[in-house]
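Contents: one structure, followed by commentary.
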Protein chains: 2
Amino acid sequence: MVTVPEAAERTARQPDSRRERKKRETRAALEAAALRLFAERGYDNTTVEDIADAADVAVRTFFRYFSSKRHVLFGDLAHMIVDQLRRALAARPADESPVAAVRAAMDSVDVDDYGKYRQIMARMQIVQKLPELSPGYQMVFHDLNHMIAEFVGARTGEPAEALYPQLLAGVATLAGKAALCELDKPDATPQSLRELRHRTYDALAAALPRICHTPAQP
Amino acid sequence: MVTVPEAAERTARQPDSRRERKKRETRAALEAAALRLFAERGYDNTTVEDIADAADVAVRTFFRYFSSKRHVLFGDLAHMIVDQLRRALAARPADESPVAAVRAAMDSVDVDDYGKYRQIMARMQIVQKLPELSPGYQMVFHDLNHMIAEFVGARTGEPAEALYPQLLAGVATLAGKAALCELDKPDATPQSLRELRHRTYDALAAALPRICHTPAQP
DNA sequence: TGCCAGTAGTCACATGGTGACATTAGGTTG
DNA sequence: CAACCTAATGTCACCATGTGACTACTGGCA
């Protein structure tokens, strides 16, 4: 199916038509219904049909909005974060050390607006609590880990599976997870979480040279 | 279904009857067929029916041996490792520091026999390569992580979700993963892997006091 | 031999997920 | 407004993973 340029322009020029609004409504209804039902009866005890019924759409429609039942939870958040980090890493200057590049890139991800930040975090917190969907939750970190390792490997000329890329990526991911631990505390702010992440990342990354040969930096 | 003591004794006393042999054969056939087919056409392109057919049993029988398709891969290995580590942790003296206890417990897990060790590792290596089943692979580490965090939290009187338990567990898991990086190298031995794990764990654990308050040890 | 218990096969069904096609509703142009 | 195009949705059919219930077989043993 070929998209005529004019048509693409047209739809792009009208981003808030009734159609778009309805779509957003449907998506929001599905998401809300899913989260409510998950909380009420648990993830496994909620079928896609239940969710679709609650949102008053067909099951098939559910799958047009979310590629899988798991997908409702992180939605595209996971994908967004991974993409964002990927772009941030790619934008780092080539002469920067991997440690510094990863540190800076992770900063530029969660700088964003406060509301979105809390939303992502809240979602992750829900997921974290329900053990049956840990796999999906873990995959987010796995993807992040993998991407960081790819990046570091590319910088040091090693494969991503090599020790140093894996360790640096692991340290970065662990620092990110550490920040999540502080979410429970009511006085947590994006700033305090970032500060904790920095502290963790710096301390652990500083230990790496004692484990394996870290590639020389210019 | 109540198990009469005598019956349990009898089956325990006859561990290698024809029946037992047949069971082992069926299980081995299923496992071999599955691994071969996964390698040939990929995990997603292999149905349980294919596996069952290749092993010449009914699909239902497959599920009597393996609770899920994923389960064929790690089999009970994951479960075994987690259980083994749990017992090892429980057996550590109460006055030992969490850092030392976790270190020692991880040692006592892979001490085992060489063949089993390589088998576990080889399996994990296969799984690691196929991206479509990363979730299951990640779950192993997640379970390990969770258990270690529970243990540390119990020792320090914090919840498992607190910062220190999570960090120490993360460090231990990361050290374990680091050892897996060395598997590609042909001259890797259980000893060299353990040595690497020690080096990683010690270096990273030493950094923890710089991140958060580590509970005082007697 | 004949009984008992464990094991496998068969059937039915719930659930997640996808493809194909018809139908409806939003939006555009004359 | 009518005619029309296209995106969104519904409907139906289908495949795959699992599970429960019941039946049939088979090894072990008195």
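Residues in the structure tokens are named by chain (A, B, ... in the order shown) and by number from 1 within that chain; ligands are numbered from 1 in the order shown.
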> Taking only C-alpha atoms (C1' of nucleotides) into account, which residues of chain B are within 9 Å of chain C, as a PyMOL selection string?
Replying inline: chain B and resi 19+23+57-58+60-61
Take the residues from that selection and write them out as a PDB file, in the first residue's frame, keeping N, CA and C atoms.
ATOM      1  N   ARG B  19      10.516 -49.365  34.118  1.00  0.00           N
ATOM      2  CA  ARG B  19       9.661 -48.188  34.077  1.00  0.00           C
ATOM      3  C   ARG B  19      10.475 -46.902  34.166  1.00  0.00           C
ATOM      4  N   LYS B  23      10.985 -43.965  31.385  1.00  0.00           N
ATOM      5  CA  LYS B  23      10.685 -42.562  31.666  1.00  0.00           C
ATOM      6  C   LYS B  23      11.866 -41.669  31.301  1.00  0.00           C
ATOM      7  N   VAL B  57       5.655 -39.292  20.872  1.00  0.00           N
ATOM      8  CA  VAL B  57       4.717 -39.375  21.991  1.00  0.00           C
ATOM      9  C   VAL B  57       3.601 -38.373  21.726  1.00  0.00           C
ATOM     10  N   ALA B  58       2.555 -38.433  22.528  1.00  0.00           N
ATOM     11  CA  ALA B  58       1.454 -37.491  22.375  1.00  0.00           C
ATOM     12  C   ALA B  58       1.837 -36.139  22.961  1.00  0.00           C
ATOM     13  N   ARG B  60       0.145 -34.365  24.891  1.00  0.00           N
ATOM     14  CA  ARG B  60      -0.161 -34.362  26.320  1.00  0.00           C
ATOM     15  C   ARG B  60       1.001 -34.900  27.144  1.00  0.00           C
ATOM     16  N   THR B  61       1.643 -35.897  26.583  1.00  0.00           N
ATOM     17  CA  THR B  61       2.772 -36.493  27.297  1.00  0.00           C
ATOM     18  C   THR B  61       3.911 -35.505  27.453  1.00  0.00           C
TER      19      THR B  61
END
> Counting only C-alpha atoms (C1' of nucleotides), which residues from chain B have an atom at most 10 Å from any atom of chain D, and could you show them as a PyMOL selection string?
Replying inline: chain B and resi 17-19+47-49+60+63+67-69
> When you draw a straight line from atom CA of Arg197 of chain A to atom CA of Ala104 of chain A, how long is it in Å?
Replying inline: 11.6 Å
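Counting only C-alpha atoms, every residue of chain B that comes within 8 Å of chain A is listed here: Ser134, Pro135, Gly136, Gln138, Met139, His142, Glu161, Ala162, Leu163, Gln166, Leu167, Gly170, Leu174, Ala178, Cys181, Glu182, Leu196, Arg199, Thr200, Ala203, Leu204, Ala207, Leu208, Arg210 and Ile211 of chain B.
Atom pair atom CA of Asp50 of chain A / atom CA of Asp44 of chain B: separated by 27.2 Å.
The interatomic distance for the pair atom CA of Leu89 of chain B and atom CA of Leu183 of chain B works out to 25.5 Å.
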